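Asks: Just passing along the structure, written as structure tokens.
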Amino acid sequence: MYTLSGVTKTYDQARGRITALSTVDLTIPDGQMVAIQGPTGGGKSTLLQLLGALDRPTSGSVTLRDKELSSLGDHALAGIRSTEIGFVFQGFNLIPTLTAQENVEMALDPRGLSKAERSSRAARALASVGLAERGSHRPAELSGGQQQRVAIARAIVTEPSVILADEPTGNLDEQTRDEIMDLLEGLWRDSGLTLIVVTHDSAVAKRAQRRLTIKQGSVTEKA
Amino acid sequence: MFGTYLFRELTNRRKQTVIVAIGMALAIALVIIVNAVSAGVKDAQASVLESVYGVGTDITVSQEAEAPAEGEIPQGGPSFEFGSGDGETSDGSTALSQSALTAGRGTTTFNSSALDTALGVDNVSAATATLSLTNTSFSGEIPDFAATGERPTDGSMTPPTGGPDGAGGSQFDINSFTVEGIDTDGAAVGPLTAVTLTDGRTFSGDDAGTNVAILDSSYATSSELAVGDTIEIGGEVFDIVGLVTSSSSDATASNTYIPLDVAQTLSGLDGQVSTVYVQASSSQAIDQVQTDLQEELPDVTVNTQADLASSVSGSLSTASSLVGSLGTWLSVIVLIAALLIAILFTLSGVSRRTREFGTLKAIGWSNGRIVRQVAGETLVQGAIGGVIGVAAGLIGIMVINLIAPRFTASAASTSTGMFGGGPGGSGGFPGGGIPGGTESAAASTEIALQAPVTIEIILIAVGLAILGGLLAGAIGGWRAARLRPAEALRSVA
């Protein structure tokens, strides 16, 4: 379960201080599918990064399953990211020089598994997203939808408790968008993980159990 | 995944990998070639010194001659005195000849007890003493003044007669050759350790006190002498028992070699020596032996091979300076440039891979893992450059050895000399002197440069390449580690 208490995040830039999040209090139970919407620059990605332990709040605390993320060191946070959290990015963020199989294996590398175990789990993850036959292809040889599937496989191969998806369908057409969301939704239902999706697309947001809106750094529930 | 990711990244950035590797290869090749040539020049200098000081000599003990003051005529050197009745007279001419054995030009003798002192110093494994002499012969023909009779009293002039031209003229020849008095017991150090016997035999312990001589082959050839002939040294006849030649230069250290005790007696320098050659028990002990010898013998000069190397002149000396200064600085500059190229390319690569590293951190890669990845990539680039550099360096050395550039060299020492004459009796040749000037004592020799390849040079060069790669990787890795995941991902949002 995620608990955010009085979380504020500010950035100092040349033009002055920018407040991305302002005193956010939020609780997300385990196994919930949450969609976070809002205008550009409203703080959606910042909230996702705090939830994903990619950044620390300026003030307040972020707790994941009784672990206060904001007080942990870089190495501990990296450990949490490799075991508890899976990321799906808008731009896929695959490593272009590695194959689909190898991109998925990269998420298992910090675990210190044997090559055989790593390879086996990556193959199963690719199969679960329908890309069992494309493991040897590099990202440049895959379509946008297929690349996003690989990214999802990379996110789930570590069997995390949370998947954080930042505009996962932002670069995809409508049909592919629906395919990807079907996949994510299916994974959520089958594994009981917590799925948090940042999106500006209402069609995507409607699929979620719970919808939050961020505007000018403040989070509100959408009925 | 480490190896796979590394290999893929290097092959993906082929141009960068090639540039970094070539830069490193150039630096490594230069380091190897400069070091090998430097070692070759040192070996060449050592062989020049060996021809003079022998194999195994680590330290020499000598006493420097005092140069005369400005305007002062140098003292010493042979002098020749003839009485009125000296020489053989016939056909109106008197033939005169005399030879003198004196201390070699530019050398000063000192007590032979220095040899015992040297042998008593810790870490001295062998020592021997020599006496450097010059045999100078004066021969000539003068008119027989006694045969001219009384002068006419009527004022008429009688034309001069006699002499080699029959008209009252004179003719003189002065010849000299070097003589080295050495220990006949076969010392492990000294001038005769760097020679090869070409005919006859070398000295044995039984030769002490006897008039036997060994000649330098080149001198023997020019003087038309061979084993079995005799040679006059210091007015006495010596049997030639052997001929020797130098393996590293055109001539050995001296024209002739005779037993030390005989040399001392004939020259009137009993108990005197001009050089003590010392061999240390190990190269690490040389400095200690030098220090101890200088303390025990404060009035003499104690030189190591390194000190003597500065006495080697000629184009070899110029090459030594060139390699030592320009060569070393050039390889340092190229090495630094190669390192800077590697660092700049690594930093540039890290900047271009900001999103990639941000993503890796997002999926759980620690800073240490990312630093190792970056360092591994640059290490491999450095290693590739090192391997190519070693190959290029070895090829360069092979080319140098094939060309075998030749240099001139001589172990030069300045000296002052004077041919002195003495007062004669009535009718004798009036005394006088021919002042000498400063001149080189050793003949120059030509040496072909050979650059040796040692495993140490190659290991050092490879080590430098790896170190360079590690340094570039550490700097690039540090830059990658400092990337905040959120900023890295945000920067490409």
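Labels used: A, B, ... for chains in the order of the structure tokens, numbers from 1 for residues in each chain, and numbers from 1 for ligands as shown.
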Could you pull the residues within 12 Å of A:Tyr11, counting only C-alpha atoms, minus those fewer than 2 positions along the same chain, as a ChimeraX atom specification?
Replies: /A:8-9,13-22,43,46,55-58 /B:486-487
Asks: Once you have the residues from the selection above, write them out as a tab-separated table (two decimals), in the first residue's frame, restricted to N, CA and C atoms.
Replies:
chain	number	residue	atom	x	y	z
A	8	THR	N	5.31	17.41	-0.80
A	8	THR	CA	5.51	18.59	-1.65
A	8	THR	C	6.79	18.39	-2.44
A	9	LYS	N	6.74	18.76	-3.70
A	9	LYS	CA	7.95	18.67	-4.53
A	9	LYS	C	8.11	19.97	-5.28
A	13	GLN	N	14.54	26.47	-10.61
A	13	GLN	CA	15.01	26.68	-11.98
A	13	GLN	C	15.42	28.13	-12.15
A	14	ALA	N	15.98	28.40	-13.30
A	14	ALA	CA	16.51	29.76	-13.54
A	14	ALA	C	15.43	30.82	-13.40
A	15	ARG	N	14.19	30.44	-13.79
A	15	ARG	CA	13.10	31.42	-13.75
A	15	ARG	C	12.47	31.52	-12.37
A	16	GLY	N	12.97	30.67	-11.45
A	16	GLY	CA	12.42	30.71	-10.11
A	16	GLY	C	12.02	29.33	-9.63
A	17	ARG	N	11.36	29.27	-8.49
A	17	ARG	CA	10.99	27.98	-7.91
A	17	ARG	C	9.65	27.53	-8.50
A	18	ILE	N	9.60	26.25	-8.88
A	18	ILE	CA	8.36	25.69	-9.43
A	18	ILE	C	7.86	24.64	-8.46
A	19	THR	N	6.60	24.70	-8.10
A	19	THR	CA	6.00	23.69	-7.21
A	19	THR	C	5.23	22.70	-8.05
A	20	ALA	N	5.77	21.48	-8.16
A	20	ALA	CA	5.11	20.46	-8.98
A	20	ALA	C	4.00	19.76	-8.20
A	21	LEU	N	4.25	19.52	-6.88
A	21	LEU	CA	3.22	18.91	-6.02
A	21	LEU	C	3.14	19.73	-4.75
A	22	SER	N	1.92	19.89	-4.28
A	22	SER	CA	1.77	20.75	-3.11
A	22	SER	C	0.93	20.03	-2.05
A	43	GLY	N	1.84	17.92	-12.81
A	43	GLY	CA	2.52	17.19	-11.74
A	43	GLY	C	2.35	15.68	-11.83
A	46	THR	N	5.68	13.84	-12.04
A	46	THR	CA	6.40	14.02	-10.78
A	46	THR	C	5.85	13.08	-9.72
A	55	ASP	N	12.68	9.71	-7.33
A	55	ASP	CA	13.00	11.04	-6.81
A	55	ASP	C	12.53	11.10	-5.37
A	56	ARG	N	12.96	12.12	-4.64
A	56	ARG	CA	12.55	12.28	-3.25
A	56	ARG	C	11.73	13.56	-3.12
A	57	PRO	N	10.73	13.56	-2.24
A	57	PRO	CA	9.94	14.78	-2.07
A	57	PRO	C	10.76	15.85	-1.37
A	58	THR	N	10.42	17.09	-1.65
A	58	THR	CA	11.07	18.21	-0.95
A	58	THR	C	10.67	18.20	0.52
B	486	ALA	N	15.23	10.59	-12.13
B	486	ALA	CA	14.09	11.43	-12.52
B	486	ALA	C	14.52	12.47	-13.56
B	487	GLU	N	15.69	13.08	-13.31
B	487	GLU	CA	16.18	14.09	-14.26
B	487	GLU	C	16.52	13.45	-15.59
Asks: Go through stretch 20-220 of chain A and collect every residue that DSSP, computed from the backbone, puts in helix (DSSP H, G or I); the answer should be as a PyMOL selection string.
Replies: chain A and resi 44-51+69-71+74-83+100-106+109-111+115-128+132-134+139-141+144-156+174-191+202-205
Asks: Which residues, written as a list in words, have at least one atom at most 7 Å from B:Ile447, with only C-alpha atoms counted and residues fewer than 2 positions away on the same chain left out?
Replies: Ala44, Arg406, Phe407, Thr408, Thr445 and Leu449 of chain B
Asks: Quick one: which residues from chain A are at most 7 Å off chain B, using only C-alpha atoms, as a list in words?
Replies: Gln49, Leu54, Asp55, His75, Ala78, Gly79, Arg81, Ser82, Gly86, Phe87, Asn93, Ile95, Thr97, Met106, Ala107, Asp109 and Pro110 of chain A
Asks: Near A:Ser119, within 10 Å and counting only C-alpha atoms, which residues show up once chain neighbours fewer than 3 positions away are dropped, as a tab-separated table (two decimals) with C-alpha atoms, in the first residue's frame?
Replies:
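Produced file result_8.tsv, reproduced below:
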chain	number	residue	atom	x	y	z
A	101	GLN	CA	14.89	-11.04	-24.86
A	102	GLU	CA	18.02	-9.22	-23.66
A	104	VAL	CA	13.78	-8.09	-20.59
A	105	GLU	CA	16.78	-9.87	-19.00
A	108	LEU	CA	16.75	-9.39	-13.82
A	113	LEU	CA	20.36	-15.04	-11.20
A	114	SER	CA	22.07	-17.66	-13.33
A	115	LYS	CA	22.07	-17.09	-17.08
A	116	ALA	CA	19.72	-20.04	-17.62
A	122	ALA	CA	12.55	-13.51	-19.66
A	123	ALA	CA	11.21	-15.94	-22.26
A	124	ARG	CA	8.11	-16.61	-20.13
A	125	ALA	CA	7.52	-12.87	-19.69
Asks: Extract, using only C-alpha atoms, all DNA, RNA and protein residues at most 7 Å from stretch 322-335 of chain B, discarding same-chain residues fewer than 3 positions from it, and format them as a PyMOL selection string.
Replies: chain B and resi 27+30-31+34+38+318-319+338-339
Asks: Filtering to N, CA and C atoms, could you give me those residues as a compact mmCIF listing (two decimals), in the first residue's frame?
Replies:
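So the final result, stored in selection.txt, reads:
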# COMPACT_ATOMS: atom_id res chain seq x y z
N ALA B 27 49.91 6.04 -28.61
CA ALA B 27 50.66 6.38 -27.40
C ALA B 27 51.47 5.19 -26.91
N LEU B 30 54.45 4.42 -29.13
CA LEU B 30 55.51 5.40 -28.93
C LEU B 30 56.27 5.13 -27.64
N VAL B 31 55.53 4.78 -26.59
CA VAL B 31 56.17 4.47 -25.31
C VAL B 31 57.12 3.28 -25.48
N VAL B 34 60.19 4.35 -27.82
CA VAL B 34 61.11 5.27 -27.14
C VAL B 34 61.89 4.54 -26.06
N SER B 38 65.82 3.91 -26.19
CA SER B 38 66.60 4.41 -25.05
C SER B 38 67.45 3.30 -24.46
N THR B 318 74.60 12.27 -28.88
CA THR B 318 73.49 13.13 -29.35
C THR B 318 72.19 12.34 -29.38
N ALA B 319 72.27 11.09 -29.88
CA ALA B 319 71.06 10.26 -29.92
C ALA B 319 70.54 10.01 -28.52
N ALA B 338 46.00 10.90 -25.71
CA ALA B 338 45.17 9.69 -25.89
C ALA B 338 44.20 9.53 -24.73
N LEU B 339 44.68 9.81 -23.53
CA LEU B 339 43.83 9.70 -22.35
C LEU B 339 42.71 10.72 -22.40
Asks: Residues within 9 Å of B:Leu133, please, as a PyMOL selection string. Count only C-alpha atoms; anything in the same chain fewer than 5 positions from it doesn't count.
Replies: chain B and resi 101-105+107+177-181+263+267+274
Asks: With N, CA and C atoms kept, could you save the residues just selected as a PDB file, in the first residue's frame?
Replies:
ATOM      1  N   LEU B 101     109.166   5.175 -21.034  1.00  0.00           N
ATOM      2  CA  LEU B 101     107.855   4.671 -20.635  1.00  0.00           C
ATOM      3  C   LEU B 101     107.352   5.552 -19.503  1.00  0.00           C
ATOM      4  N   THR B 102     106.288   6.304 -19.759  1.00  0.00           N
ATOM      5  CA  THR B 102     105.802   7.259 -18.757  1.00  0.00           C
ATOM      6  C   THR B 102     104.303   7.088 -18.554  1.00  0.00           C
ATOM      7  N   ALA B 103     103.801   7.725 -17.546  1.00  0.00           N
ATOM      8  CA  ALA B 103     102.357   7.665 -17.276  1.00  0.00           C
ATOM      9  C   ALA B 103     101.590   8.204 -18.478  1.00  0.00           C
ATOM     10  N   GLY B 104     100.483   7.552 -18.815  1.00  0.00           N
ATOM     11  CA  GLY B 104      99.695   7.930 -19.974  1.00  0.00           C
ATOM     12  C   GLY B 104      99.229   9.374 -19.893  1.00  0.00           C
ATOM     13  N   ARG B 105      99.131   9.993 -21.059  1.00  0.00           N
ATOM     14  CA  ARG B 105      98.703  11.391 -21.083  1.00  0.00           C
ATOM     15  C   ARG B 105      97.316  11.513 -20.464  1.00  0.00           C
ATOM     16  N   THR B 107      96.571  10.971 -17.368  1.00  0.00           N
ATOM     17  CA  THR B 107      96.334  10.114 -16.209  1.00  0.00           C
ATOM     18  C   THR B 107      97.269  10.518 -15.078  1.00  0.00           C
ATOM     19  N   PHE B 177     103.096   4.573 -28.473  1.00  0.00           N
ATOM     20  CA  PHE B 177     101.961   3.658 -28.383  1.00  0.00           C
ATOM     21  C   PHE B 177     101.634   3.474 -26.905  1.00  0.00           C
ATOM     22  N   THR B 178     100.383   3.060 -26.653  1.00  0.00           N
ATOM     23  CA  THR B 178      99.934   2.931 -25.264  1.00  0.00           C
ATOM     24  C   THR B 178     100.291   1.560 -24.719  1.00  0.00           C
ATOM     25  N   VAL B 179     100.577   1.542 -23.450  1.00  0.00           N
ATOM     26  CA  VAL B 179     100.942   0.316 -22.745  1.00  0.00           C
ATOM     27  C   VAL B 179     100.081   0.239 -21.489  1.00  0.00           C
ATOM     28  N   GLU B 180      99.448  -0.898 -21.278  1.00  0.00           N
ATOM     29  CA  GLU B 180      98.614  -1.068 -20.077  1.00  0.00           C
ATOM     30  C   GLU B 180      99.223  -2.188 -19.248  1.00  0.00           C
ATOM     31  N   GLY B 181      99.621  -1.837 -18.023  1.00  0.00           N
ATOM     32  CA  GLY B 181     100.107  -2.860 -17.107  1.00  0.00           C
ATOM     33  C   GLY B 181      98.915  -3.471 -16.383  1.00  0.00           C
ATOM     34  N   ALA B 263     105.515  -3.250 -15.650  1.00  0.00           N
ATOM     35  CA  ALA B 263     105.171  -1.889 -16.074  1.00  0.00           C
ATOM     36  C   ALA B 263     105.578  -0.877 -15.010  1.00  0.00           C
ATOM     37  N   SER B 267     108.676   1.895 -15.675  1.00  0.00           N
ATOM     38  CA  SER B 267     108.281   3.309 -15.727  1.00  0.00           C
ATOM     39  C   SER B 267     108.731   4.075 -14.505  1.00  0.00           C
ATOM     40  N   SER B 274      96.997   3.480 -12.029  1.00  0.00           N
ATOM     41  CA  SER B 274      96.238   4.625 -12.534  1.00  0.00           C
ATOM     42  C   SER B 274      94.735   4.405 -12.471  1.00  0.00           C
TER      43      SER B 274
END
Asks: Restricting the calculation to only C-alpha atoms: of A:Gly60, A:Gly144, A:Gly52, A:Gly38, which residue gets closest to A:Gly170?
Replies: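 Smallest separation from A:Gly170 among the options: A:Gly144.
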Asks: With only C-alpha atoms as the atoms that count, which of A:Thr83, A:Gln90, A:Gln37, A:Ser143 lies nearest to A:Thr220?
Replies: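 Checking each of A:Thr83, A:Gln90, A:Gln37, A:Ser143 against A:Thr220, counting only C-alpha atoms, the winner is A:Gln37.
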Asks: Hey, what does DSSP flag as strand (DSSP E) within stretch 5-197 of chain A? Can you give it to me as a ChimeraX atom specification?
Replies: /A:5-13,16-28,33-37,59-64,67-68,85-88,162-166,194-197
Asks: Point out the residue among A:Arg134, A:Gly112, A:Asp201, A:Val129 with the least atom-to-atom distance to A:Asp173, counting only C-alpha atoms.
Replies: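 Using only C-alpha atoms, the shortest distance to A:Asp173 belongs to A:Asp201.
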Asks: Got a sec: who's within 6 Å of B:Gln279, counting only C-alpha atoms, leaving out chain neighbours fewer than 3 positions off, as a PyMOL selection string?
Replies: chain B and resi 57-58+124-126
Asks: How many Å separate atom CA of B:Ile455 from atom CA of B:Ile32?
Replies: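 Computing it gives 10.5 Å between the two atoms.
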Asks: Could you tell me how far atom CA of A:Thr158 lies from atom CA of A:Glu84, in Å and to one decimal?
Replies: 7.9 Å
Asks: Quick one: pull the distance between atom CA of B:Tyr277 and atom CA of B:Ser137, Å, one decimal.
Replies: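 Spanning atom CA of B:Tyr277 to atom CA of B:Ser137 is a straight-line distance of 29.3 Å.
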Asks: Please determine, counting only C-alpha atoms, which residue among A:Met33, A:Leu48, A:Leu4, A:Val157 has the shortest atom-to-atom distance to A:Gly186.
Replies: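 Smallest distance to A:Gly186 is found for A:Met33.
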Asks: Measuring atom to atom with only C-alpha atoms, identify which of A:Leu72, A:Ile28, A:Ala127, A:Leu142 is nearest to A:Ile156.
Replies: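 Checking each candidate against A:Ile156, we get A:Ala127 as the closest.
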Asks: For B:Ala472, which residue out of B:Leu96, B:Ile22, B:Val278, B:Val371 is the nearest one, using only C-alpha atoms?
Replies: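 Ranking B:Leu96, B:Ile22, B:Val278, B:Val371 by distance to B:Ala472, first place goes to B:Val371.
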